[in-house]
Amino acid sequence: MKTVIIAGGQGTRIASVNNEIPKGMIPVAGKPIIEHELELCLRHGLSDFIFITGYLGDQIEAYFGDGKRWGAHITYFREEHPMGTAGALGMLKDLLQDDFFVLYGDTIVDIDMHAMLDFHNHHHADATLFVHPNDHPYDSDLVDIDAEGRVRRFLLKPHAEGLISHNMVNASLFIFSPRILEEIEKGRKSHIEKDVLPRCLEKGMRLYGYVSFEYIKDMGTPDRYHAVCADVENGTVARRNRQNLRPAIFLDRDGTITEEIGLLHRADQLRLIEGAGEAIRLINGSDFLAIVVTNQPVIARNLCSLEELDDIHATMETMLGHEHAYVNAIYFCPHHPDGGYPEERKEYKVKCDCRKPAPGMLLQAAKEWNINLAESYMIGDSQRDVEAGERAGCKASVRINTNQPNALLDAVREILGFEV
């Protein structure tokens with residue numbers, strides 16, 4: 001399987017770091033950015049590369065040569081003029097006869113590439129996009145995916161004022177089938193995100209978003225460059241590979257993140273509790289995942305549809321995004337064991353393993369995201385939350401007082417070792 005690394009950009013925004021070398025050659029922890037990508041691929045048995053070069057591309061070719069020094073095989077395509085992120089791919093159709101990875105040469109990334117490829121193959125995808133939440137969704141290209149990960153639409157920046165959307169961002173790492181190349185006009189400047197993928201979606205191709213919380217960050221600005229250098233050196237990049245266990249802070253929703261409203265069932269009822277955004281932002285900056293686990297009997301009571309609940313959660317994610325915070329995942333239980341309401345949905349009136357205090361949602365999250373429950377915490381405003389955390393095997397469960405200002409923030413600060 002081939003890997004294409006697109007490294008032809010001039011890097012004008014990061015020129016103050018070093019304007020005499022292509023941005024893919026800017027050193028991070030003593031080696032060029034592209035070399036980090038090369039080594040990641042080699043760890044996953046991917047050794048056949050095509051480097052797309054352009055601005056100062058001779059420096060890349062001189063450093064990497066044919067790749068034998070790394071046990072790799074590298075060939076090059078040199079752009080004579082800028083062709084965007086996609087233009088040169090259209091020139092490589094004869095060389096890319098099977099599915100292939102695409103990486104941008106200005107990105108530090110450490111992911112389980114086998115897991116992403118398994119997802120791609122399982123769904124027989126024409127294209128798989130690496131997607132994740134981030135702390136600035138309002139100025140990022142967003143991807144709307146369904147429960148199975150299939151792309152429904154692209155929401156490219158700049159966004160319309162008042163847009164409500166789940167926080168799911170295209171991180172510019174892909175697996176493509178050769179079918180995608182048929183939608184790239186040979187020799188014409190074009191871009192993967194703005195031109196190619198929307199056209200493929202319009203034609204009904206199978207596009208999927210692979211959701212992951214592993215580390216991926218581009219070197220677009222000097223500030224981002226220095227932040228990534230620190231993350232590499234302190235081990236953050238490697239620790240977040242999904243092959244490694246990670247701890248989580250599980251969060252109840254109503255009365256913990258959002259104001260308690262009896263049987264909330266409309267998005268316009270939603271209000272963030274003071275300090276909730278800051279609390280979750282602190283979690284985002286740590287090694288913990290922020291996972292919401294919430295009982296939602298409004299579904300069983302037929303006060304709210306699954307689509308309306310999804311809109312409520314998209315609204316919450318949008319609100320948090322404006323506070324530079326995000327939750328990694330949301331799990332909800334739609335069940336309620338007691339019947340007798342005339343409007344109820346009987347298929348949800350069951351005794352289940354997911355309704356807190358049962359630990360089902362926490363256990364499911366642990367399985368899906370490789371979470372170390374023994375080092376995780378549960379925070380909520382009820383005894384049900386405390387018991388769910390205890391039954392799941394969390395290190396500790398914290399019950400907060402909803403009436404106390406910044407209760408969630410104080411609990412998170414204590415867990416993370418900040419002075420309260």
# chains A, B, ... in the order shown; residues from 1 in each chain; ligands from 1

call {"tool": "select_by_dssp", "arguments": {"residues": "region 136-286 of chain A", "states": "strand (DSSP E)", "output": "number ranges by chain"}}
result
A: 142-145, 151-155, 169-176, 207-211, 215-218, 248-251

call {"tool": "write_last_selection", "arguments": {"atoms": "N, CA, C and O atoms", "output": "compact mmCIF listing (two decimals), in the first residue's frame"}}
result
# COMPACT_ATOMS: atom_id res chain seq x y z
N LEU A 142 -15.83 21.59 8.98
CA LEU A 142 -16.56 20.58 9.74
C LEU A 142 -17.11 19.50 8.82
O LEU A 142 -17.38 19.74 7.65
N VAL A 143 -17.25 18.31 9.39
CA VAL A 143 -17.79 17.16 8.65
C VAL A 143 -18.99 16.62 9.42
O VAL A 143 -18.87 16.28 10.61
N ASP A 144 -20.12 16.54 8.78
CA ASP A 144 -21.33 15.99 9.38
C ASP A 144 -21.42 14.52 9.01
O ASP A 144 -21.51 14.18 7.83
N ILE A 145 -21.36 13.65 10.03
CA ILE A 145 -21.40 12.21 9.79
C ILE A 145 -22.57 11.59 10.54
O ILE A 145 -23.03 12.13 11.54
N VAL A 151 -20.31 10.19 5.76
CA VAL A 151 -20.39 11.64 5.60
C VAL A 151 -21.72 12.02 4.96
O VAL A 151 -22.10 11.49 3.91
N ARG A 152 -22.41 12.96 5.62
CA ARG A 152 -23.67 13.47 5.08
C ARG A 152 -23.50 14.81 4.38
O ARG A 152 -24.17 15.10 3.39
N ARG A 153 -22.59 15.63 4.91
CA ARG A 153 -22.34 16.92 4.28
C ARG A 153 -21.04 17.50 4.82
O ARG A 153 -20.55 17.09 5.87
N PHE A 154 -20.49 18.43 4.06
CA PHE A 154 -19.32 19.19 4.48
C PHE A 154 -19.75 20.61 4.81
O PHE A 154 -20.54 21.22 4.07
N LEU A 155 -19.23 21.13 5.89
CA LEU A 155 -19.51 22.50 6.31
C LEU A 155 -18.18 23.25 6.30
O LEU A 155 -17.44 23.26 7.29
N VAL A 169 -14.20 17.78 13.06
CA VAL A 169 -13.34 18.56 12.18
C VAL A 169 -12.52 17.65 11.28
O VAL A 169 -11.99 16.62 11.72
N ASN A 170 -12.42 18.04 10.03
CA ASN A 170 -11.55 17.33 9.08
C ASN A 170 -10.10 17.67 9.40
O ASN A 170 -9.69 18.82 9.37
N ALA A 171 -9.30 16.63 9.73
CA ALA A 171 -7.92 16.84 10.15
C ALA A 171 -6.91 16.67 9.02
O ALA A 171 -5.71 16.70 9.25
N SER A 172 -7.38 16.46 7.79
CA SER A 172 -6.51 16.42 6.60
C SER A 172 -5.54 15.24 6.61
O SER A 172 -4.34 15.38 6.34
N LEU A 173 -6.08 14.08 6.93
CA LEU A 173 -5.38 12.80 6.75
C LEU A 173 -6.41 11.85 6.16
O LEU A 173 -7.53 11.77 6.67
N PHE A 174 -6.06 11.15 5.08
CA PHE A 174 -7.06 10.42 4.31
C PHE A 174 -6.57 9.04 3.89
O PHE A 174 -5.37 8.80 3.79
N ILE A 175 -7.54 8.18 3.61
CA ILE A 175 -7.33 6.98 2.79
C ILE A 175 -8.24 7.12 1.58
O ILE A 175 -9.45 7.32 1.73
N PHE A 176 -7.66 7.02 0.40
CA PHE A 176 -8.43 7.17 -0.84
C PHE A 176 -8.37 5.87 -1.65
O PHE A 176 -7.34 5.20 -1.68
N LEU A 207 -18.16 8.03 1.34
CA LEU A 207 -17.19 8.80 2.13
C LEU A 207 -17.51 8.60 3.61
O LEU A 207 -18.67 8.74 4.03
N TYR A 208 -16.48 8.31 4.39
CA TYR A 208 -16.65 8.05 5.82
C TYR A 208 -15.68 8.88 6.64
O TYR A 208 -14.57 9.20 6.20
N GLY A 209 -16.13 9.23 7.85
CA GLY A 209 -15.26 9.91 8.81
C GLY A 209 -14.83 8.94 9.88
O GLY A 209 -15.67 8.32 10.56
N TYR A 210 -13.53 8.79 10.03
CA TYR A 210 -12.95 7.94 11.07
C TYR A 210 -12.67 8.82 12.28
O TYR A 210 -11.79 9.67 12.25
N VAL A 211 -13.45 8.63 13.34
CA VAL A 211 -13.34 9.48 14.52
C VAL A 211 -12.24 8.95 15.43
O VAL A 211 -12.22 7.78 15.80
N TYR A 215 -3.31 12.16 18.35
CA TYR A 215 -2.68 13.46 18.12
C TYR A 215 -2.47 13.73 16.64
O TYR A 215 -1.87 12.92 15.93
N ILE A 216 -2.97 14.86 16.19
CA ILE A 216 -2.68 15.33 14.84
C ILE A 216 -2.78 16.85 14.85
O ILE A 216 -3.78 17.43 15.30
N LYS A 217 -1.72 17.51 14.43
CA LYS A 217 -1.70 18.98 14.44
C LYS A 217 -0.76 19.47 13.36
O LYS A 217 0.35 18.96 13.21
N ASP A 218 -1.21 20.48 12.60
CA ASP A 218 -0.36 21.02 11.55
C ASP A 218 0.49 22.16 12.09
O ASP A 218 0.25 22.69 13.17
N ALA A 248 -10.13 8.77 31.45
CA ALA A 248 -11.22 9.67 31.06
C ALA A 248 -11.82 10.32 32.30
O ALA A 248 -11.75 9.77 33.41
N ILE A 249 -12.40 11.47 32.11
CA ILE A 249 -13.29 12.06 33.10
C ILE A 249 -14.68 11.99 32.50
O ILE A 249 -14.97 12.64 31.49
N PHE A 250 -15.52 11.13 33.08
CA PHE A 250 -16.89 10.97 32.62
C PHE A 250 -17.75 12.06 33.26
O PHE A 250 -17.63 12.34 34.46
N LEU A 251 -18.62 12.65 32.46
CA LEU A 251 -19.41 13.78 32.91
C LEU A 251 -20.90 13.52 32.67
O LEU A 251 -21.30 13.17 31.56

call {"tool": "residues_around", "arguments": {"residues": "region 196-206 of chain A", "least_positions_apart": "3", "cutoff": "10 Å", "atoms": "only C-alpha atoms", "output": "number ranges by chain"}}
result
A: 85-87, 123-129, 150-156, 179-185, 190-193

call {"tool": "residues_around", "arguments": {"residues": "region 327-331 of chain A", "least_positions_apart": "4", "cutoff": "7 Å", "atoms": "only C-alpha atoms", "output": "list in words"}}
result
Pro133, Leu289, Ala290, Ile291, Val292, Val293, Thr294 and Met361 of chain A

call {"tool": "write_last_selection", "arguments": {"atoms": "all heavy atoms", "output": "compact mmCIF listing (two decimals), in the first residue's frame"}}
result
# COMPACT_ATOMS: atom_id res chain seq x y z
N PRO A 133 -12.86 16.20 17.22
CA PRO A 133 -13.27 17.50 17.73
C PRO A 133 -12.05 18.36 18.01
O PRO A 133 -10.96 17.84 18.27
CB PRO A 133 -14.01 17.15 19.03
CG PRO A 133 -13.39 15.88 19.48
CD PRO A 133 -12.99 15.14 18.23
N LEU A 289 -9.64 12.07 28.56
CA LEU A 289 -10.74 12.29 27.62
C LEU A 289 -11.93 12.84 28.38
O LEU A 289 -12.12 12.53 29.57
CB LEU A 289 -11.13 10.99 26.93
CG LEU A 289 -10.07 10.30 26.07
CD1 LEU A 289 -10.54 8.92 25.64
CD2 LEU A 289 -9.73 11.14 24.86
N ALA A 290 -12.73 13.66 27.72
CA ALA A 290 -13.97 14.18 28.30
C ALA A 290 -15.14 13.45 27.66
O ALA A 290 -15.44 13.68 26.49
CB ALA A 290 -14.08 15.68 28.07
N ILE A 291 -15.78 12.56 28.42
CA ILE A 291 -16.84 11.70 27.88
C ILE A 291 -18.14 11.98 28.63
O ILE A 291 -18.20 11.84 29.86
CB ILE A 291 -16.48 10.21 28.04
CG1 ILE A 291 -15.10 9.90 27.44
CG2 ILE A 291 -17.56 9.34 27.41
CD1 ILE A 291 -15.03 9.91 25.95
N VAL A 292 -19.18 12.36 27.91
CA VAL A 292 -20.48 12.61 28.52
C VAL A 292 -21.27 11.31 28.56
O VAL A 292 -21.35 10.58 27.56
CB VAL A 292 -21.27 13.67 27.73
CG1 VAL A 292 -22.68 13.83 28.28
CG2 VAL A 292 -20.52 15.01 27.77
N VAL A 293 -21.86 11.01 29.71
CA VAL A 293 -22.75 9.85 29.86
C VAL A 293 -24.03 10.35 30.54
O VAL A 293 -24.00 10.82 31.66
CB VAL A 293 -22.08 8.72 30.69
CG1 VAL A 293 -21.01 8.02 29.86
CG2 VAL A 293 -21.46 9.24 31.98
N THR A 294 -25.15 10.25 29.84
CA THR A 294 -26.36 10.91 30.31
C THR A 294 -27.60 10.04 30.11
O THR A 294 -27.80 9.45 29.05
CB THR A 294 -26.55 12.27 29.60
OG1 THR A 294 -27.76 12.87 29.99
CG2 THR A 294 -26.52 12.13 28.09
N MET A 361 -22.88 2.59 29.96
CA MET A 361 -22.34 3.62 29.08
C MET A 361 -20.84 3.80 29.30
O MET A 361 -20.08 3.98 28.34
CB MET A 361 -23.08 4.94 29.30
CG MET A 361 -24.50 4.94 28.76
SD MET A 361 -25.32 6.56 28.86
CE MET A 361 -25.69 6.65 30.62

call {"tool": "select_by_dssp", "arguments": {"residues": "region 35-284 of chain A", "states": "helix (DSSP H, G or I)", "output": "ChimeraX atom specification"}}
result
/A:35-43,57-64,68-70,87-92,113-122,137-139,178-181,192-202,222-233,236-239,267-269,276-284

call {"tool": "closest_atom_pairs", "arguments": {"of": "region 83-103 of chain A", "to": "region 37-47 of chain A", "cutoff": "12 Å", "atoms": "only C-alpha atoms", "output": "JSON lines"}}
result
{"residue": "A:Phe100", "atom": "CA", "partner": "A:Leu46", "partner_atom": "CA", "distance": 10.0}
{"residue": "A:Phe101", "atom": "CA", "partner": "A:Leu46", "partner_atom": "CA", "distance": 9.4}
{"residue": "A:Val102", "atom": "CA", "partner": "A:Glu37", "partner_atom": "CA", "distance": 10.9}
{"residue": "A:Leu103", "atom": "CA", "partner": "A:Glu37", "partner_atom": "CA", "distance": 8.1}

call {"tool": "write_last_selection", "arguments": {"atoms": "N, CA, C and O atoms", "output": "short mmCIF file (atom, residue, chain, number, x, y, z; two decimals), in the first residue's frame"}}
result
data_model
loop_
_atom_site.label_atom_id
_atom_site.label_comp_id
_atom_site.auth_asym_id
_atom_site.auth_seq_id
_atom_site.Cartn_x
_atom_site.Cartn_y
_atom_site.Cartn_z
N PHE A 100 -4.77 4.08 -0.97
CA PHE A 100 -3.52 4.66 -0.50
C PHE A 100 -3.80 5.71 0.57
O PHE A 100 -4.88 6.32 0.62
N PHE A 101 -2.84 5.92 1.45
CA PHE A 101 -2.91 6.98 2.46
C PHE A 101 -2.44 8.30 1.85
O PHE A 101 -1.58 8.31 0.96
N VAL A 102 -3.00 9.40 2.36
CA VAL A 102 -2.55 10.74 2.00
C VAL A 102 -2.29 11.51 3.29
O VAL A 102 -3.17 11.61 4.15
N LEU A 103 -1.07 12.04 3.42
CA LEU A 103 -0.71 12.88 4.55
C LEU A 103 -0.21 14.22 4.02
O LEU A 103 0.40 14.27 2.95
#
